[in-house]
$ cat input.tsv   # TSV, C-alpha atoms and all ligand atoms
chain	number	residue	atom	x	y	z
A	501	MET	CA	11.88	-19.31	0.22
A	502	SER	CA	11.45	-16.11	-1.66
A	503	THR	CA	13.48	-12.94	-1.66
A	504	VAL	CA	12.61	-9.86	-3.70
A	505	ARG	CA	15.38	-7.29	-4.08
A	506	PHE	CA	14.61	-3.58	-4.29
A	507	ALA	CA	17.50	-2.47	-6.50
A	508	THR	CA	17.43	1.22	-5.59
A	509	ASP	CA	20.43	3.38	-4.59
A	510	HIS	CA	20.26	1.66	-1.19
A	511	PRO	CA	19.27	-1.88	-2.19
A	512	TYR	CA	17.41	-4.05	0.28
A	513	ASP	CA	15.64	-7.37	0.34
A	514	VAL	CA	12.07	-8.32	1.16
A	515	GLU	CA	11.98	-11.83	2.63
A	516	ILE	CA	8.64	-13.47	1.90
A	517	GLU	CA	7.97	-16.84	3.48
A	518	VAL	CA	6.42	-18.61	6.43
A	519	GLY	CA	8.89	-18.24	9.30
A	520	ALA	CA	10.82	-15.33	7.74
A	521	LEU	CA	10.93	-13.69	11.17
A	522	GLN	CA	13.80	-16.03	12.07
A	523	LYS	CA	16.00	-13.92	9.77
A	524	LEU	CA	15.72	-10.89	12.04
A	525	PRO	CA	18.75	-11.54	14.29
A	526	GLY	CA	20.97	-11.52	11.20
A	527	LEU	CA	19.68	-8.07	10.20
A	528	VAL	CA	20.32	-6.20	13.44
A	529	THR	CA	24.09	-6.53	13.45
A	530	GLY	CA	25.94	-3.32	14.26
A	531	ALA	CA	23.17	-1.88	16.43
A	532	THR	CA	23.49	-1.75	20.21
A	533	ARG	CA	19.88	-0.78	20.77
A	534	VAL	CA	16.70	-1.50	18.86
A	535	ALA	CA	13.32	0.23	19.26
A	536	VAL	CA	10.38	-1.98	18.31
A	537	ILE	CA	7.46	0.28	17.40
A	538	TYR	CA	4.38	-1.93	17.18
A	539	ALA	CA	0.59	-1.75	16.87
A	540	GLU	CA	-1.19	-2.93	20.01
A	541	PRO	CA	-3.21	-5.70	18.22
A	542	VAL	CA	0.04	-7.41	17.20
A	543	SER	CA	1.75	-7.19	20.59
A	544	GLU	CA	2.40	-10.97	20.48
A	545	VAL	CA	4.36	-10.53	17.26
A	546	ALA	CA	6.25	-7.63	18.82
A	547	LEU	CA	7.18	-9.87	21.75
A	548	GLU	CA	8.57	-12.47	19.38
A	549	VAL	CA	10.46	-9.76	17.47
A	550	SER	CA	11.94	-8.50	20.75
A	551	ARG	CA	12.92	-12.02	21.78
A	552	LEU	CA	14.64	-12.68	18.44
A	553	VAL	CA	16.42	-9.33	18.45
A	554	GLY	CA	17.42	-9.83	22.11
A	555	SER	CA	19.00	-13.16	21.14
A	556	ALA	CA	21.47	-11.14	19.04
A	557	SER	CA	22.71	-9.41	22.23
A	558	VAL	CA	20.97	-6.15	21.42
A	559	SER	CA	18.97	-4.25	24.02
A	560	VAL	CA	15.34	-3.68	23.10
A	561	LEU	CA	13.02	-0.75	23.73
A	562	SER	CA	9.33	-1.59	23.10
A	563	VAL	CA	7.05	1.24	22.01
A	564	GLY	CA	3.37	0.29	21.64
A	565	VAL	CA	1.17	2.58	19.51
A	566	PRO	CA	-2.59	2.52	18.82
A	567	ALA	CA	-3.97	0.26	16.10
A	568	GLY	CA	-4.29	1.57	12.57
A	569	GLU	CA	-4.59	5.19	11.49
A	570	ALA	CA	-4.82	6.47	15.10
A	571	ALA	CA	-1.05	5.99	15.28
A	572	LYS	CA	-0.27	8.31	12.35
A	573	THR	CA	-0.59	11.55	14.32
A	574	PRO	CA	1.89	14.28	15.32
A	575	GLN	CA	1.14	13.43	18.97
A	576	ILE	CA	2.05	9.74	18.65
A	577	LEU	CA	5.07	10.67	16.53
A	578	ALA	CA	6.25	13.03	19.29
A	579	SER	CA	5.70	10.32	21.93
A	580	CYS	CA	7.95	7.98	19.90
A	581	TRP	CA	10.64	10.68	19.68
A	582	SER	CA	10.41	11.14	23.46
A	583	ALA	CA	10.81	7.41	24.05
A	584	LEU	CA	13.96	7.41	21.89
A	585	ALA	CA	15.32	10.53	23.59
A	586	ASN	CA	14.75	9.07	27.07
A	587	ALA	CA	16.52	5.88	26.07
A	588	GLY	CA	19.44	7.85	24.56
A	589	PHE	CA	19.08	6.49	21.05
A	590	THR	CA	22.03	7.34	18.77
A	591	ARG	CA	22.74	7.32	15.03
A	592	SER	CA	24.00	3.75	15.21
A	593	ASP	CA	20.78	2.36	16.70
A	594	LEU	CA	17.93	0.79	14.81
A	595	ILE	CA	14.15	1.02	14.58
A	596	ILE	CA	11.83	-1.85	13.68
A	597	GLY	CA	8.18	-1.20	12.75
A	598	VAL	CA	5.74	-4.06	13.41
A	599	GLY	CA	2.14	-3.85	12.21
A	600	GLY	CA	-0.06	-2.84	9.31
A	601	GLY	CA	0.70	-0.04	6.89
A	602	ALA	CA	-0.31	2.66	9.33
A	603	THR	CA	2.23	1.44	11.87
A	604	THR	CA	5.02	0.92	9.35
A	605	ASP	CA	4.34	4.41	7.89
A	606	LEU	CA	4.70	5.91	11.38
A	607	ALA	CA	7.71	3.80	12.43
A	608	GLY	CA	9.44	4.51	9.12
A	609	PHE	CA	8.93	8.22	9.61
A	610	VAL	CA	10.26	8.03	13.17
A	611	ALA	CA	13.37	6.40	11.66
A	612	ALA	CA	13.54	9.01	8.87
A	613	SER	CA	13.35	11.92	11.29
A	614	TRP	CA	15.27	10.73	14.36
A	615	LEU	CA	18.73	12.34	14.26
A	616	ARG	CA	18.04	13.05	10.56
A	617	GLY	CA	17.66	9.37	9.78
A	618	VAL	CA	18.57	6.05	11.39
A	619	ARG	CA	18.47	2.48	10.12
A	620	TYR	CA	15.00	0.97	9.76
A	621	LEU	CA	13.61	-2.54	9.32
A	622	SER	CA	9.99	-3.32	8.79
A	623	VAL	CA	7.87	-6.30	9.77
A	624	PRO	CA	4.52	-5.83	7.99
A	625	THR	CA	1.61	-7.85	9.39
A	626	THR	CA	-1.13	-7.09	6.83
A	627	VAL	CA	-1.36	-8.01	3.15
A	628	LEU	CA	-1.55	-4.34	2.23
A	629	ALA	CA	1.58	-3.49	4.19
A	630	MET	CA	3.51	-6.46	2.73
A	631	VAL	CA	2.74	-5.61	-0.89
A	632	ASP	CA	2.57	-1.83	-0.68
A	633	ALA	CA	2.95	0.30	2.46
A	634	ALA	CA	6.03	-1.29	4.00
A	635	VAL	CA	7.94	-1.65	0.75
A	636	GLY	CA	9.02	1.21	-1.48
A	637	GLY	CA	10.40	3.80	0.95
A	638	LYS	CA	7.49	6.19	1.56
A	639	THR	CA	6.87	7.01	5.22
A	640	GLY	CA	4.68	9.56	6.95
A	641	ILE	CA	1.83	10.62	9.17
A	642	ASP	CA	-1.54	12.37	8.80
A	643	LEU	CA	-2.65	15.83	9.89
A	644	PRO	CA	-6.18	16.88	10.82
A	645	GLU	CA	-6.12	18.70	7.43
A	646	GLY	CA	-5.46	15.52	5.44
A	647	LYS	CA	-3.89	12.09	5.14
A	648	ASN	CA	-0.17	11.56	4.55
A	649	LEU	CA	0.58	15.28	4.43
A	650	VAL	CA	3.87	15.01	6.34
A	651	GLY	CA	6.45	12.42	5.44
A	652	ALA	CA	9.76	11.45	3.92
A	653	PHE	CA	11.33	8.94	1.61
A	654	HIS	CA	13.32	6.61	3.85
A	655	GLU	CA	14.09	3.17	2.56
A	656	PRO	CA	14.20	0.23	4.94
A	657	GLY	CA	17.38	-1.79	5.34
A	658	GLY	CA	15.23	-4.91	5.04
A	659	VAL	CA	11.63	-6.10	5.15
A	660	ILE	CA	10.47	-9.34	6.76
A	661	ALA	CA	7.15	-10.47	5.30
A	662	ASP	CA	6.44	-13.56	7.41
A	663	LEU	CA	3.28	-15.05	5.92
A	664	ASP	CA	2.49	-16.76	9.21
A	665	LEU	CA	1.68	-13.34	10.68
A	666	LEU	CA	-1.34	-13.03	8.36
A	667	ARG	CA	-3.21	-15.89	10.07
A	668	THR	CA	-4.85	-13.56	12.60
A	669	LEU	CA	-5.78	-10.91	10.02
A	670	PRO	CA	-9.56	-10.33	9.68
A	671	ASP	CA	-11.04	-11.35	6.29
A	672	ARG	CA	-11.93	-7.80	5.43
A	673	GLU	CA	-8.28	-6.76	5.72
A	674	VAL	CA	-7.21	-9.68	3.51
A	675	ARG	CA	-9.70	-8.68	0.79
A	676	SER	CA	-8.63	-5.06	0.99
A	677	GLY	CA	-4.96	-5.97	0.66
A	678	LEU	CA	-5.68	-8.20	-2.33
A	679	ALA	CA	-7.11	-5.20	-4.18
A	680	GLU	CA	-3.56	-3.82	-4.37
A	681	VAL	CA	-2.31	-7.23	-5.51
A	682	ILE	CA	-4.83	-7.41	-8.29
A	683	LYS	CA	-3.92	-3.87	-9.32
A	684	ALA	CA	-0.50	-5.26	-10.23
A	685	GLY	CA	-2.36	-7.88	-12.26
A	686	PHE	CA	-4.37	-5.32	-14.21
A	687	VAL	CA	-1.48	-3.03	-15.07
A	688	ARG	CA	1.23	-5.65	-15.62
A	689	ASP	CA	1.28	-9.21	-14.35
A	690	GLU	CA	-1.07	-11.56	-16.20
A	691	ARG	CA	-0.18	-14.46	-13.88
A	692	ILE	CA	-1.71	-12.54	-10.95
A	693	ARG	CA	-4.98	-12.32	-12.86
A	694	GLU	CA	-4.84	-16.05	-13.61
A	695	LEU	CA	-4.06	-17.02	-10.02
A	696	VAL	CA	-7.11	-15.11	-8.76
A	697	ALA	CA	-9.42	-16.15	-11.61
A	698	VAL	CA	-8.70	-19.87	-11.23
A	699	SER	CA	-9.32	-19.88	-7.48
A	700	PRO	CA	-10.49	-16.74	-5.68
A	701	ALA	CA	-10.94	-18.83	-2.51
A	702	GLY	CA	-7.32	-19.95	-2.73
A	703	ALA	CA	-6.22	-16.36	-3.28
A	704	LEU	CA	-8.04	-15.36	-0.10
A	705	ASP	CA	-6.57	-18.22	1.95
A	706	VAL	CA	-3.49	-16.71	3.59
A	707	THR	CA	-2.08	-20.18	4.30
A	708	SER	CA	-2.15	-21.24	0.62
A	709	ALA	CA	0.74	-21.44	-1.83
A	710	ARG	CA	-1.44	-19.41	-4.22
A	711	HIS	CA	-1.65	-16.55	-1.74
A	712	ALA	CA	2.11	-16.67	-1.17
A	713	GLU	CA	2.74	-16.45	-4.92
A	714	LEU	CA	0.35	-13.52	-5.22
A	715	ILE	CA	2.18	-11.63	-2.47
A	716	ARG	CA	5.56	-12.36	-4.01
A	717	ARG	CA	4.45	-11.23	-7.46
A	718	ALA	CA	2.90	-8.02	-6.15
A	719	VAL	CA	6.07	-7.19	-4.21
A	720	GLN	CA	8.15	-7.95	-7.34
A	721	PHE	CA	5.94	-5.59	-9.34
A	722	LYS	CA	6.43	-2.81	-6.81
A	723	ALA	CA	10.19	-3.47	-6.71
A	724	ASP	CA	10.39	-3.20	-10.51
A	725	VAL	CA	8.48	0.09	-10.53
A	726	VAL	CA	10.30	1.68	-7.59
A	727	ALA	CA	13.74	0.69	-8.90
A	728	THR	CA	13.19	2.91	-11.92
A	729	ASP	CA	11.51	5.82	-10.10
A	730	LEU	CA	11.87	5.94	-6.31
A	731	ARG	CA	10.70	9.52	-5.97
A	732	GLU	CA	7.93	9.61	-8.53
A	733	SER	CA	9.92	11.95	-10.73
A	734	THR	CA	9.70	10.29	-14.14
A	735	SER	CA	5.92	10.53	-14.42
A	736	VAL	CA	5.71	13.48	-16.80
A	737	GLY	CA	3.88	13.87	-20.07
A	738	SER	CA	2.97	10.41	-21.32
A	739	ALA	CA	5.75	8.63	-19.38
A	740	ILE	CA	4.65	6.47	-16.47
A	741	GLY	CA	7.05	5.89	-13.58
A	742	ARG	CA	5.98	5.31	-9.99
A	743	GLU	CA	2.65	6.84	-10.94
A	744	LEU	CA	1.78	3.39	-12.30
A	745	LEU	CA	1.19	2.30	-8.70
A	746	ASN	CA	-1.66	4.79	-8.69
A	747	TYR	CA	-3.99	2.79	-10.94
A	748	GLY	CA	-7.47	3.19	-9.43
A	749	HIS	CA	-6.22	5.61	-6.79
A	750	THR	CA	-7.48	8.97	-8.13
A	751	MET	CA	-11.13	7.97	-7.74
A	752	GLY	CA	-10.25	5.53	-4.92
A	753	HIS	CA	-8.77	8.27	-2.73
A	754	ALA	CA	-11.78	10.52	-3.41
A	755	ILE	CA	-14.25	7.78	-2.38
A	756	GLU	CA	-12.11	6.95	0.67
A	757	ALA	CA	-12.09	10.58	1.77
A	758	TRP	CA	-15.80	11.12	1.04
A	759	GLU	CA	-16.60	8.04	3.12
A	760	ASN	CA	-14.45	9.50	5.89
A	761	TYR	CA	-12.27	6.37	5.81
A	762	ARG	CA	-15.13	3.99	6.71
A	763	LEU	CA	-14.07	1.98	3.65
A	764	ARG	CA	-10.72	0.22	3.78
A	765	HIS	CA	-8.13	1.59	1.35
A	766	GLY	CA	-8.30	-1.47	-0.93
A	767	GLU	CA	-12.10	-1.40	-1.01
A	768	ALA	CA	-12.01	2.16	-2.33
A	769	VAL	CA	-9.17	1.39	-4.75
A	770	ALA	CA	-11.13	-1.58	-6.13
A	771	LEU	CA	-13.97	0.81	-7.05
A	772	GLY	CA	-11.43	3.28	-8.39
A	773	MET	CA	-9.98	0.59	-10.67
A	774	ILE	CA	-13.39	-0.16	-12.14
A	775	TYR	CA	-13.83	3.57	-12.72
A	776	ALA	CA	-10.37	3.81	-14.34
A	777	ALA	CA	-11.26	0.83	-16.56
A	778	GLN	CA	-14.45	2.58	-17.66
A	779	LEU	CA	-12.53	5.78	-18.43
A	780	SER	CA	-10.04	3.64	-20.36
A	781	ARG	CA	-12.84	2.08	-22.39
A	782	ARG	CA	-14.05	5.52	-23.38
A	783	LEU	CA	-10.69	7.18	-23.95
A	784	LEU	CA	-8.09	4.48	-24.66
A	785	GLY	CA	-10.16	1.83	-26.42
A	786	LEU	CA	-10.02	-0.74	-23.61
A	787	SER	CA	-12.36	-3.59	-24.56
A	788	ASP	CA	-15.73	-4.27	-22.93
A	789	GLU	CA	-14.38	-7.72	-21.97
A	790	ALA	CA	-11.46	-6.18	-20.10
A	791	VAL	CA	-13.83	-3.91	-18.16
A	792	SER	CA	-16.01	-6.93	-17.32
A	793	HIS	CA	-12.89	-8.82	-16.24
A	794	HIS	CA	-12.22	-6.04	-13.71
A	795	ARG	CA	-15.69	-6.48	-12.21
A	796	GLU	CA	-15.42	-10.29	-12.21
A	797	LEU	CA	-12.03	-10.50	-10.53
A	798	ILE	CA	-12.75	-7.78	-8.00
A	799	GLY	CA	-16.18	-9.23	-7.22
A	800	SER	CA	-14.74	-12.75	-6.88
A	801	LEU	CA	-12.65	-11.49	-3.96
A	802	GLY	CA	-15.77	-10.27	-2.18
A	803	LEU	CA	-15.05	-6.61	-2.90
A	804	ALA	CA	-17.82	-4.23	-4.00
A	805	THR	CA	-17.97	-3.53	-7.73
A	806	SER	CA	-20.52	-0.72	-7.77
A	807	TYR	CA	-20.85	2.56	-5.93
A	808	ARG	CA	-23.24	5.50	-5.98
A	809	ARG	CA	-23.40	7.00	-2.48
A	810	ALA	CA	-21.41	10.17	-3.10
A	811	PRO	CA	-22.65	12.96	-5.39
A	812	PHE	CA	-20.30	13.22	-8.39
A	813	ALA	CA	-19.60	16.94	-7.82
A	814	GLU	CA	-18.18	16.20	-4.38
A	815	LEU	CA	-15.94	13.39	-5.64
A	816	ARG	CA	-14.79	15.62	-8.50
A	817	GLU	CA	-13.80	18.29	-6.00
A	818	LEU	CA	-11.91	15.71	-3.90
A	819	MET	CA	-10.12	14.34	-6.99
A	820	GLY	CA	-9.00	17.89	-7.80
A	821	ARG	CA	-7.50	18.23	-4.33
A	822	ASP	CA	-5.60	14.92	-4.44
A	823	LYS	CA	-1.98	15.75	-3.75
A	824	LYS	CA	-0.94	13.87	-6.87
A	825	THR	CA	-2.98	16.13	-9.13
A	826	ARG	CA	-0.83	18.51	-11.17
A	827	GLY	CA	-2.41	21.92	-11.46
A	828	ALA	CA	-6.09	21.97	-12.38
A	829	ALA	CA	-6.13	19.05	-14.81
A	830	LEU	CA	-6.79	15.52	-13.62
A	831	ARG	CA	-4.44	12.75	-14.63
A	832	PHE	CA	-5.34	9.08	-14.45
A	833	VAL	CA	-3.44	5.89	-15.06
A	834	GLY	CA	-5.53	4.01	-17.60
A	835	LEU	CA	-5.20	0.88	-19.74
A	836	ARG	CA	-5.14	0.38	-23.51
A	837	ASN	CA	-5.29	-3.35	-22.82
A	838	LEU	CA	-4.87	-5.46	-19.72
A	839	GLY	CA	-1.18	-5.11	-18.83
A	840	ASP	CA	-0.70	-2.12	-21.16
A	841	PRO	CA	-1.02	1.12	-19.16
A	842	ALA	CA	-1.21	4.66	-20.53
A	843	ILE	CA	-1.84	8.08	-19.07
A	844	ILE	CA	-5.23	9.76	-19.39
A	845	ALA	CA	-4.54	13.48	-19.11
A	846	ALA	CA	-7.28	16.06	-18.61
A	847	PRO	CA	-10.33	13.98	-19.57
A	848	SER	CA	-13.48	15.97	-20.28
A	849	GLU	CA	-15.86	16.67	-17.41
A	850	ARG	CA	-18.66	14.96	-19.30
A	851	VAL	CA	-16.74	11.68	-19.63
A	852	LEU	CA	-15.69	11.83	-15.98
A	853	GLU	CA	-19.29	12.16	-14.89
A	854	GLU	CA	-20.69	9.57	-17.30
A	855	CYS	CA	-18.16	6.99	-16.14
A	856	TYR	CA	-19.17	7.68	-12.55
A	857	ALA	CA	-22.79	7.01	-13.53
A	858	GLU	CA	-21.63	3.65	-14.95
A	859	LEU	CA	-19.98	2.79	-11.64
A	860	ALA	CA	-23.47	2.71	-10.10
A	861	HIS	CA	-24.45	-0.30	-12.25
A	862	GLU	CA	-24.44	-3.65	-10.47
B	1	LIG	N1	3.90	4.18	2.45
B	1	LIG	C1	3.22	3.76	1.42
B	1	LIG	O1	3.72	3.68	0.30
B	1	LIG	C2	1.79	3.35	1.60
B	1	LIG	C3	1.11	2.69	0.57
B	1	LIG	C4	-0.19	2.26	0.79
B	1	LIG	C5	-0.81	2.51	2.01
B	1	LIG	N2	-0.12	3.17	2.99
B	1	LIG	C6	-0.74	3.41	4.30
B	1	LIG	O2	-1.03	2.15	4.90
B	1	LIG	C7	-2.10	2.33	5.81
B	1	LIG	C8	-3.08	1.21	5.65
B	1	LIG	O3	-2.42	0.00	5.93
B	1	LIG	P1	-3.22	-1.30	6.41
B	1	LIG	O4	-4.34	-1.57	5.50
B	1	LIG	O5	-2.19	-2.35	6.64
B	1	LIG	O6	-3.94	-0.81	7.73
B	1	LIG	P2	-3.62	-0.70	9.27
B	1	LIG	O7	-2.19	-0.51	9.60
B	1	LIG	O8	-4.58	0.30	9.74
B	1	LIG	O9	-4.03	-2.15	9.79
B	1	LIG	C9	-5.37	-2.56	9.73
B	1	LIG	C10	-5.86	-3.12	11.06
B	1	LIG	O10	-5.40	-4.46	11.23
B	1	LIG	C11	-4.71	-4.59	12.47
B	1	LIG	N3	-3.71	-5.63	12.25
B	1	LIG	C12	-2.51	-5.48	11.63
B	1	LIG	N4	-1.92	-6.66	11.49
B	1	LIG	C13	-2.74	-7.59	12.03
B	1	LIG	C14	-2.66	-9.00	12.18
B	1	LIG	N5	-1.64	-9.69	11.69
B	1	LIG	N6	-3.69	-9.61	12.80
B	1	LIG	C15	-4.76	-8.93	13.24
B	1	LIG	N7	-4.90	-7.59	13.13
B	1	LIG	C16	-3.88	-6.94	12.53
B	1	LIG	C17	-4.16	-3.23	12.71
B	1	LIG	O11	-3.76	-3.01	14.02
B	1	LIG	C18	-5.33	-2.35	12.27
B	1	LIG	O12	-6.32	-2.30	13.25
B	1	LIG	C19	-2.69	3.69	5.57
B	1	LIG	O13	-2.27	4.56	6.59
B	1	LIG	C20	-2.06	4.12	4.24
B	1	LIG	O14	-1.90	5.51	4.13
B	1	LIG	C21	1.14	3.58	2.80
$ encode --input "input.tsv" --output "structure tokens" --more "lines below"
Ligand SMILES: NC(=O)c1ccc[n+]([C@@H]2O[C@H](COP(=O)([O-])OP(=O)(O)OC[C@H]3O[C@@H](n4cnc5c(N)ncnc54)[C@H](O)[C@@H]3O)[C@@H](O)[C@H]2O)c1
Amino acid sequence: MSTVRFATDHPYDVEIEVGALQKLPGLVTGATRVAVIYAEPVSEVALEVSRLVGSASVSVLSVGVPAGEAAKTPQILASCWSALANAGFTRSDLIIGVGGGATTDLAGFVAASWLRGVRYLSVPTTVLAMVDAAVGGKTGIDLPEGKNLVGAFHEPGGVIADLDLLRTLPDREVRSGLAEVIKAGFVRDERIRELVAVSPAGALDVTSARHAELIRRAVQFKADVVATDLRESTSVGSAIGRELLNYGHTMGHAIEAWENYRLRHGEAVALGMIYAAQLSRRLLGLSDEAVSHHRELIGSLGLATSYRRAPFAELRELMGRDKKTRGAALRFVGLRNLGDPAIIAAPSERVLEECYAELAHE
């Protein structure tokens, strides 16, 4: 059994184990009604959630939403609000989000916005949601003008990461989620790097003890970062707060957007981490071996390690528009050594472009 505590102003626990779902009835106390907002592909899980919640004498409203990003729209958000309004949901009721990160982002934002905020629990069903999207308190939806433009910080009252729910997850989603896990390895946790290096196949096997340890360690990493900087406010100058979670994301987001989201988030972040490692080699003295280690570990998980499709100028423009950019200058999380992060502020245009050329190498 494994519990990771998020020691923020409103502390909560992430329960990570096979069968963790059984803890749900104990978490819904005090509510008279519960809305289960779930992604259609995991309707079976939602049924089980409803059954468990119903066993605690709570009435359940089921709200199915489309799979993935199609749920993070103002229209689907409004349909969720209508469902709550029609059922007469009050401040003392509870919302549970069941699905991947897109669904938990939406459900969390429904909870953040309904009556200015009601209690929220999340049941992530993808690796990415367990280690990143569903933990840490960020919620939101997309607009036609861009991803995640509307949202709120709204921390869950608890997160149930039942590893059994990952059994139906397609391989591509597992690989993509592991990119965020290995990010925690590059910027902090050496044991994550070891666990993947010794057996990439074991890391990819969602039924293995190795996979469970990787998830737990990645959640612990996020908990440690978020506890010191929930709202990404300490990342100024050379200090690194929540921004640390952004390793690989500046270039990753640009590639993701250029590809019009045909790549999974983790696939783009994996490329972004190799790019950040190359920048770090040029600007922070990261060793050649450490850059090679990035390629080896990422490649061992079946993720691409080279990229050249987009013209650099277009990626540069997208990086400049990233909502985390401050003013005109770009800011990257880089590494002096594995596990030793540092900020790269305003790198020269020449270095940016040369490192992109290096990303094309197999
Ligand atoms: N809030 C945050 O801090 C944060 C952080 C990272 C990412 N995100 C968001 O998370 C989203 C990506 O999350 P994701 O990768 O989990 O994608 P996703 O929610 O789109 O899920 C991927 C696909 O897998 C399906 N699926 C989910 N669980 C399944 C299961 N157990 N078995 C079979 N199929 C299943 C989904 O329905 C979907 O089709 C993006 O919207 C991103 O913006 C948020």
$ residues_near_ligand --input "input.tsv" --ligand "ligand LIG 1 (chain B)" --cutoff "9 Å" --atoms "all atoms listed in the file" --output "ChimeraX atom specification"
/A:538-542,545,566-572,598-606,608,624-642,647-648,653,664-670,673-674,676-677,680,764-766
$ atom_distance --input "input.tsv" --atom1 "atom CA of Ile660 of chain A" --atom2 "atom CA of Ser562 of chain A"
18.1 Å
$ residues_around --input "input.tsv" --residues "Arg831 of chain A" --least-positions-apart "5" --cutoff "6 Å" --atoms "only C-alpha atoms" --output "list in words"
Ile844, Ala845 and Ala846 of chain A
$ atom_distance --input "input.tsv" --atom1 "atom CA of Ala718 of chain A" --atom2 "atom CA of Leu521 of chain A"
19.9 Å
$ closest_residue --input "input.tsv" --among "A:Glu645, A:Asp671, A:Glu544, A:Asp840" --to "Ala790 of chain A" --atoms "all atoms listed in the file"
A:Asp840
$ closest_residue --input "input.tsv" --among "A:Leu786, A:Leu744, A:Ala810, A:Ala712" --to "Val726 of chain A" --atoms "all atoms listed in the file"
A:Leu744
$ atom_distance --input "input.tsv" --atom1 "atom CA of Arg688 of chain A" --atom2 "atom CA of Val514 of chain A"
20.2 Å
$ closest_residue --input "input.tsv" --among "A:Leu803, A:Arg742, A:Leu859, A:Leu835" --to "Arg672 of chain A" --atoms "all atoms listed in the file"
A:Leu803
$ closest_residue --input "input.tsv" --among "A:Gly564, A:Pro656, A:Gly646, A:Gly519" --to "Glu756 of chain A" --atoms "only C-alpha atoms"
A:Gly646
$ closest_residue --input "input.tsv" --among "A:Ser543, A:Pro700, A:Val549, A:Val504" --to "Gln522 of chain A" --atoms "all atoms listed in the file"
A:Val549
$ closest_residue --input "input.tsv" --among "A:Thr532, A:Ser806, A:Gln575, A:Ser559" --to "Thr590 of chain A" --atoms "all atoms listed in the file"
A:Thr532
$ residues_around --input "input.tsv" --residues "Gly752 of chain A" --least-positions-apart "5" --cutoff "7 Å" --atoms "only C-alpha atoms" --output "JSON, numbers by chain"
{"A": [768, 769, 771, 772]}
